[in-house]
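my_file-v1.pdb, holding PDB, C-alpha atoms:
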```pdb
ATOM      1  CA  MET G  29       7.979 -36.716 -13.012
ATOM      2  CA  SER G  30       9.016 -34.052 -15.489
ATOM      3  CA  LEU G  31      10.953 -30.919 -14.668
ATOM      4  CA  PRO G  32       9.500 -27.515 -15.452
ATOM      5  CA  SER G  33      10.590 -26.057 -18.751
ATOM      6  CA  GLU G  34      13.795 -23.996 -18.725
ATOM      7  CA  ARG G  35      12.737 -22.529 -22.060
ATOM      8  CA  GLY G  36       9.359 -21.637 -20.542
ATOM      9  CA  ALA G  37      11.085 -19.929 -17.601
ATOM     10  CA  GLU G  38      13.130 -17.881 -20.071
ATOM     11  CA  VAL G  39       9.911 -16.842 -21.836
ATOM     12  CA  GLY G  40       8.491 -15.881 -18.427
ATOM     13  CA  ARG G  41      11.634 -13.883 -17.668
ATOM     14  CA  ARG G  42      11.319 -11.986 -20.950
ATOM     15  CA  ILE G  43       7.648 -11.233 -20.255
ATOM     16  CA  GLY G  44       8.678 -10.017 -16.792
ATOM     17  CA  VAL G  45      11.423  -7.827 -18.275
ATOM     18  CA  GLY G  46       8.918  -6.206 -20.623
ATOM     19  CA  LEU G  47       6.365  -5.623 -17.875
ATOM     20  CA  MET G  48       8.725  -4.450 -15.157
ATOM     21  CA  TYR G  49      10.854  -2.152 -17.285
ATOM     22  CA  GLY G  50       7.846  -1.038 -19.335
ATOM     23  CA  LEU G  51       5.730  -0.042 -16.332
ATOM     24  CA  TRP G  52       8.382   0.875 -13.761
ATOM     25  CA  ARG G  53      12.060   1.646 -13.510
ATOM     26  CA  PRO G  54      13.426  -0.910 -11.065
ATOM     27  CA  ARG G  55      17.035  -0.668  -9.968
ATOM     28  CA  VAL G  56      18.743  -3.975  -9.324
ATOM     29  CA  LEU G  57      21.783  -3.743  -7.123
ATOM     30  CA  GLY G  58      24.060  -6.721  -6.582
ATOM     31  CA  ALA G  59      22.719  -8.873  -9.434
ATOM     32  CA  TRP G  60      26.331  -9.925 -10.008
ATOM     33  CA  LYS G  61      26.060 -11.895  -6.754
ATOM     34  CA  LEU G  62      23.778 -14.421  -8.480
ATOM     35  CA  PRO G  63      26.052 -17.071 -10.035
ATOM     36  CA  ALA G  64      26.010 -17.083 -13.848
ATOM     37  CA  SER G  65      25.489 -20.844 -13.838
ATOM     38  CA  GLY G  66      24.754 -23.655 -11.441
ATOM     39  CA  PRO G  67      21.993 -24.082  -8.889
ATOM     40  CA  ALA G  68      20.763 -21.072  -6.929
ATOM     41  CA  ILE G  69      17.860 -20.245  -4.627
ATOM     42  CA  LEU G  70      16.274 -16.794  -4.523
ATOM     43  CA  ALA G  71      14.465 -16.416  -1.181
ATOM     44  CA  VAL G  72      12.184 -13.412  -1.558
ATOM     45  CA  ASN G  73       9.937 -11.641   0.930
ATOM     46  CA  HIS G  74       6.405 -11.693  -0.413
ATOM     47  CA  SER G  75       4.189  -8.727   0.347
ATOM     48  CA  HIS G  76       2.430  -8.156  -2.991
ATOM     49  CA  ASN G  77       1.343 -10.139  -6.051
ATOM     50  CA  ILE G  78       3.882  -8.234  -8.153
ATOM     51  CA  ASP G  79       6.838  -9.703  -6.210
ATOM     52  CA  GLY G  80       7.140 -12.903  -8.280
ATOM     53  CA  PRO G  81       6.865 -11.228 -11.696
ATOM     54  CA  MET G  82       9.235  -8.478 -10.514
ATOM     55  CA  VAL G  83      11.926 -10.971  -9.502
ATOM     56  CA  MET G  84      11.428 -12.929 -12.727
ATOM     57  CA  GLY G  85      11.769  -9.707 -14.725
ATOM     58  CA  VAL G  86      14.890  -8.373 -13.016
ATOM     59  CA  SER G  87      16.727 -11.664 -12.490
ATOM     60  CA  PRO G  88      19.628 -12.217 -14.884
ATOM     61  CA  ARG G  89      18.637 -15.901 -15.124
ATOM     62  CA  PRO G  90      15.317 -17.718 -15.708
ATOM     63  CA  THR G  91      13.642 -18.491 -12.382
ATOM     64  CA  HIS G  92      11.226 -21.249 -11.367
ATOM     65  CA  PHE G  93       9.045 -20.191  -8.423
ATOM     66  CA  LEU G  94       7.149 -22.379  -6.009
ATOM     67  CA  ILE G  95       3.642 -20.906  -6.259
ATOM     68  CA  LYS G  96       0.584 -21.838  -4.201
ATOM     69  CA  LYS G  97      -1.719 -24.247  -6.009
ATOM     70  CA  GLU G  98      -4.626 -21.835  -5.570
ATOM     71  CA  ALA G  99      -3.030 -19.569  -8.199
ATOM     72  CA  PHE G 100      -3.182 -22.341 -10.820
ATOM     73  CA  VAL G 101      -6.850 -21.822 -11.753
ATOM     74  CA  GLY G 102      -8.503 -21.140 -15.084
ATOM     75  CA  PRO G 103      -6.248 -19.673 -17.770
ATOM     76  CA  LEU G 104      -3.457 -19.064 -15.230
ATOM     77  CA  ASN G 105      -2.858 -22.824 -14.898
ATOM     78  CA  PRO G 106      -1.498 -23.404 -18.427
ATOM     79  CA  PHE G 107       0.239 -20.012 -18.391
ATOM     80  CA  LEU G 108       2.096 -20.565 -15.092
ATOM     81  CA  THR G 109       2.939 -24.144 -16.047
ATOM     82  CA  GLY G 110       4.103 -22.965 -19.482
ATOM     83  CA  ILE G 111       6.518 -20.430 -18.006
ATOM     84  CA  GLY G 112       8.087 -23.110 -15.814
ATOM     85  CA  GLN G 113       6.507 -22.347 -12.433
ATOM     86  CA  LEU G 114       5.953 -25.029  -9.790
ATOM     87  CA  GLN G 115       2.651 -25.697  -8.070
ATOM     88  CA  VAL G 116       2.836 -26.324  -4.306
ATOM     89  CA  ASP G 117       0.121 -27.491  -1.928
ATOM     90  CA  ARG G 118       0.702 -25.548   1.283
ATOM     91  CA  ALA G 119      -1.823 -27.609   3.266
ATOM     92  CA  SER G 120       0.595 -30.520   3.637
ATOM     93  CA  ALA G 121       4.165 -31.581   2.984
ATOM     94  CA  ASP G 122       4.020 -31.575  -0.814
ATOM     95  CA  ARG G 123       6.593 -34.179  -1.857
ATOM     96  CA  ASN G 124       5.832 -33.660  -5.538
ATOM     97  CA  ALA G 125       6.679 -29.936  -5.315
ATOM     98  CA  VAL G 126       9.809 -30.618  -3.259
ATOM     99  CA  THR G 127      10.975 -33.290  -5.717
ATOM    100  CA  ARG G 128      10.424 -31.002  -8.699
ATOM    101  CA  ALA G 129      12.156 -28.100  -6.911
ATOM    102  CA  LEU G 130      15.157 -30.318  -6.170
ATOM    103  CA  GLY G 131      15.125 -31.361  -9.829
ATOM    104  CA  VAL G 132      15.401 -27.694 -10.867
ATOM    105  CA  LEU G 133      18.434 -27.290  -8.598
ATOM    106  CA  GLU G 134      20.023 -30.572  -9.715
ATOM    107  CA  ALA G 135      19.698 -29.369 -13.323
ATOM    108  CA  GLY G 136      21.565 -26.170 -12.370
ATOM    109  CA  GLY G 137      18.503 -23.915 -12.435
ATOM    110  CA  VAL G 138      17.321 -21.058 -10.247
ATOM    111  CA  LEU G 139      14.553 -21.748  -7.744
ATOM    112  CA  GLY G 140      12.535 -18.871  -6.315
ATOM    113  CA  ILE G 141      10.791 -19.283  -2.980
ATOM    114  CA  PHE G 142       8.705 -17.127  -0.676
ATOM    115  CA  PRO G 143       9.829 -18.561   2.684
ATOM    116  CA  GLU G 144       7.393 -16.674   4.896
ATOM    117  CA  GLY G 145       4.338 -17.584   2.815
ATOM    118  CA  THR G 146       1.260 -15.919   4.257
ATOM    119  CA  ARG G 147       2.585 -15.647   7.797
ATOM    120  CA  ALA G 148       4.514 -12.361   7.490
ATOM    121  CA  ARG G 149       2.850  -8.978   7.507
ATOM    122  CA  ALA G 150       3.941  -6.265   5.106
ATOM    123  CA  THR G 151       4.904  -4.142   8.129
ATOM    124  CA  SER G 152       7.202  -6.718   9.732
ATOM    125  CA  PRO G 153      10.882  -5.680   9.678
ATOM    126  CA  ARG G 154      12.779  -7.827   7.178
ATOM    127  CA  CYS G 155      16.048  -7.586   5.350
ATOM    128  CA  GLY G 156      17.047 -10.184   2.819
ATOM    129  CA  PRO G 157      17.029 -11.101  -0.836
ATOM    130  CA  GLY G 158      14.415  -9.046  -2.618
ATOM    131  CA  SER G 159      13.592  -7.049   0.509
ATOM    132  CA  ARG G 160      12.101  -3.618  -0.009
ATOM    133  CA  THR G 161      11.806  -2.457   3.582
ATOM    134  CA  SER G 162      13.264   0.738   4.966
ATOM    135  CA  ARG G 163      15.363  -1.325   7.370
ATOM    136  CA  CYS G 164      17.082  -3.032   4.448
ATOM    137  CA  ALA G 165      17.445   0.315   2.692
ATOM    138  CA  ALA G 166      19.281   1.617   5.752
ATOM    139  CA  GLU G 167      21.546  -1.434   5.725
ATOM    140  CA  ARG G 168      22.271  -1.500   1.980
ATOM    141  CA  ARG G 169      25.999  -1.256   2.314
ATOM    142  CA  SER G 170      26.151  -4.206   4.698
ATOM    143  CA  CYS G 171      23.390  -6.295   3.082
ATOM    144  CA  PRO G 172      25.142  -9.324   1.498
ATOM    145  CA  TRP G 173      22.289 -10.181  -0.894
ATOM    146  CA  PRO G 174      21.164  -8.698  -4.165
ATOM    147  CA  TYR G 175      18.087  -6.556  -3.669
ATOM    148  CA  TRP G 176      15.802  -4.381  -5.697
ATOM    149  CA  GLU G 177      14.210  -1.084  -4.905
ATOM    150  CA  ALA G 178      10.457  -0.762  -5.115
ATOM    151  CA  PRO G 179       9.326   1.031  -8.253
ATOM    152  CA  SER G 180       7.985   4.499  -7.673
ATOM    153  CA  GLY G 181       5.102   4.174 -10.136
ATOM    154  CA  PRO G 182       4.367   3.926 -13.826
ATOM    155  CA  ALA G 183       7.136   5.065 -16.135
ATOM    156  CA  GLY G 184       6.303   8.065 -18.137
TER     157      GLY G 184
END
```
Entire entry expressed as structure tokens:
Amino acid sequence: MSLPSERGAEVGRRIGVGLMYGLWRPRVLGAWKLPASGPAILAVNHSHNIDGPMVMGVSPRPTHFLIKKEAFVGPLNPFLTGIGQLQVDRASADRNAVTRALGVLEAGGVLGIFPEGTRARATSPRCGPGSRTSRCAAERRSCPWPYWEAPSGPAG
């Protein structure tokens, strides 16, 4: 079983940088808390399709996300695979995805996960890595994780 491409993840990060900073003006606070090297996990609340590309674009390191297999259709399959993303079957315990994710960490890479999957509602109160809720905004000074603020709209 091969690991996802680190070079591909860097290409994905650069695409994300161009998109995120070209369309919006995200502010990343606490990025220094992500280690410069070695394994790391970014656990991100997922409320919109832009969450993954946003994290890839603002992360200081290339990130490999576990993404539902349903997203790997048509031209997105070679694209997502090419930028080092991992396909996961959420219908069962996907040993292949877990093994590949552990391989990313063993190689010292960054693994991105959406722990709540489709169970959380956008209105549920959450504070954590990547959180954009008002509760987390109120707790910024005590929040131990890096977080980003939601973009206000297209740059211009």
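If you measure from each of G:Pro106, G:Val138, G:Phe100, G:Arg35 to Ile69 (chain G) using only C-alpha atoms, the closest one turns out to be G:Val138.
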Excluding Ser87 (chain G) and any residue of its chain fewer than 6 positions from it, enumerate the residues within 12 Å of it, using only C-alpha atoms, and give them as an MDAnalysis selection string.
-> chainID G and resid 37:38 40:45 48 54:64 68:70 72 79:81 138:140 157:158 174:176
Output file for the residues above (C-alpha atoms, as a compact mmCIF listing (two decimals), in the frame of the given file):
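Listing of result.txt after writing:
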```
# COMPACT_ATOMS: atom_id res chain seq x y z
CA ALA G 37 11.08 -19.93 -17.60
CA GLU G 38 13.13 -17.88 -20.07
CA GLY G 40 8.49 -15.88 -18.43
CA ARG G 41 11.63 -13.88 -17.67
CA ARG G 42 11.32 -11.99 -20.95
CA ILE G 43 7.65 -11.23 -20.26
CA GLY G 44 8.68 -10.02 -16.79
CA VAL G 45 11.42 -7.83 -18.27
CA MET G 48 8.72 -4.45 -15.16
CA PRO G 54 13.43 -0.91 -11.06
CA ARG G 55 17.04 -0.67 -9.97
CA VAL G 56 18.74 -3.98 -9.32
CA LEU G 57 21.78 -3.74 -7.12
CA GLY G 58 24.06 -6.72 -6.58
CA ALA G 59 22.72 -8.87 -9.43
CA TRP G 60 26.33 -9.93 -10.01
CA LYS G 61 26.06 -11.90 -6.75
CA LEU G 62 23.78 -14.42 -8.48
CA PRO G 63 26.05 -17.07 -10.04
CA ALA G 64 26.01 -17.08 -13.85
CA ALA G 68 20.76 -21.07 -6.93
CA ILE G 69 17.86 -20.24 -4.63
CA LEU G 70 16.27 -16.79 -4.52
CA VAL G 72 12.18 -13.41 -1.56
CA ASP G 79 6.84 -9.70 -6.21
CA GLY G 80 7.14 -12.90 -8.28
CA PRO G 81 6.86 -11.23 -11.70
CA VAL G 138 17.32 -21.06 -10.25
CA LEU G 139 14.55 -21.75 -7.74
CA GLY G 140 12.54 -18.87 -6.32
CA PRO G 157 17.03 -11.10 -0.84
CA GLY G 158 14.42 -9.05 -2.62
CA PRO G 174 21.16 -8.70 -4.16
CA TYR G 175 18.09 -6.56 -3.67
CA TRP G 176 15.80 -4.38 -5.70
```
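Across the model, the gap from CA of Gln115 (chain G) to CA of Ile95 (chain G) is 5.2 Å.
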What lies within 9 Å of Gln113 (chain G) using all atoms listed in the file, ignoring chain neighbours under 4 positions off, as a PyMOL selection string?
-> chain G and resi 32-33+36-37+91-95+107-109
Keeping only C-alpha atoms, write the selected residues to a file as a short mmCIF file (atom, residue, chain, number, x, y, z; two decimals), keeping the file's coordinate frame.
```
data_model
loop_
_atom_site.label_atom_id
_atom_site.label_comp_id
_atom_site.auth_asym_id
_atom_site.auth_seq_id
_atom_site.Cartn_x
_atom_site.Cartn_y
_atom_site.Cartn_z
CA PRO G 32 9.50 -27.52 -15.45
CA SER G 33 10.59 -26.06 -18.75
CA GLY G 36 9.36 -21.64 -20.54
CA ALA G 37 11.08 -19.93 -17.60
CA THR G 91 13.64 -18.49 -12.38
CA HIS G 92 11.23 -21.25 -11.37
CA PHE G 93 9.04 -20.19 -8.42
CA LEU G 94 7.15 -22.38 -6.01
CA ILE G 95 3.64 -20.91 -6.26
CA PHE G 107 0.24 -20.01 -18.39
CA LEU G 108 2.10 -20.56 -15.09
CA THR G 109 2.94 -24.14 -16.05
#
```
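Comparing the minimum interatomic distances between Gly85 (chain G) and each of G:Ala121, G:Ala99, G:Leu47, G:Leu133, counting only C-alpha atoms, we find that G:Leu47 sits nearest.
Shortest atom-to-atom contact with Ile141 (chain G) among G:Val116, G:His76, G:Gly46, G:Asn124: G:Val116, counting only C-alpha atoms.
CA of Val83 (chain G) sits 17.3 Å away from CA of Ser65 (chain G).
Across G:Met82, G:Asn73, G:Pro90, G:Asp122, the tightest approach to Gly137 (chain G) is made by G:Pro90 when counting all atoms listed in the file.
Of the listed residues (G:Asn77, G:Leu114, G:Pro67, G:Arg123), G:Pro67 comes nearest to Arg89 (chain G); the distances count all atoms listed in the file.
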Could you tell me how far CA of Leu51 (chain G) lies from CA of Val86 (chain G), in Å and to one decimal?
-> 12.8 Å
With a distance cut-off of 10 Å and only C-alpha atoms, select the neighbouring residues of Arg118 (chain G), excluding the residue or stretch itself and same-chain residues fewer than 5 positions from it, and output the selection as a PDB file with C-alpha atoms, in the coordinates of the input.
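What ended up in result-v6.pdb:
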```
ATOM      1  CA  ILE G  95       3.642 -20.906  -6.259  1.00  0.00           C
ATOM      2  CA  LYS G  96       0.584 -21.838  -4.201  1.00  0.00           C
ATOM      3  CA  LYS G  97      -1.719 -24.247  -6.009  1.00  0.00           C
ATOM      4  CA  GLU G  98      -4.626 -21.835  -5.570  1.00  0.00           C
ATOM      5  CA  ALA G 125       6.679 -29.936  -5.315  1.00  0.00           C
ATOM      6  CA  GLY G 145       4.338 -17.584   2.815  1.00  0.00           C
TER       7      GLY G 145
END
```
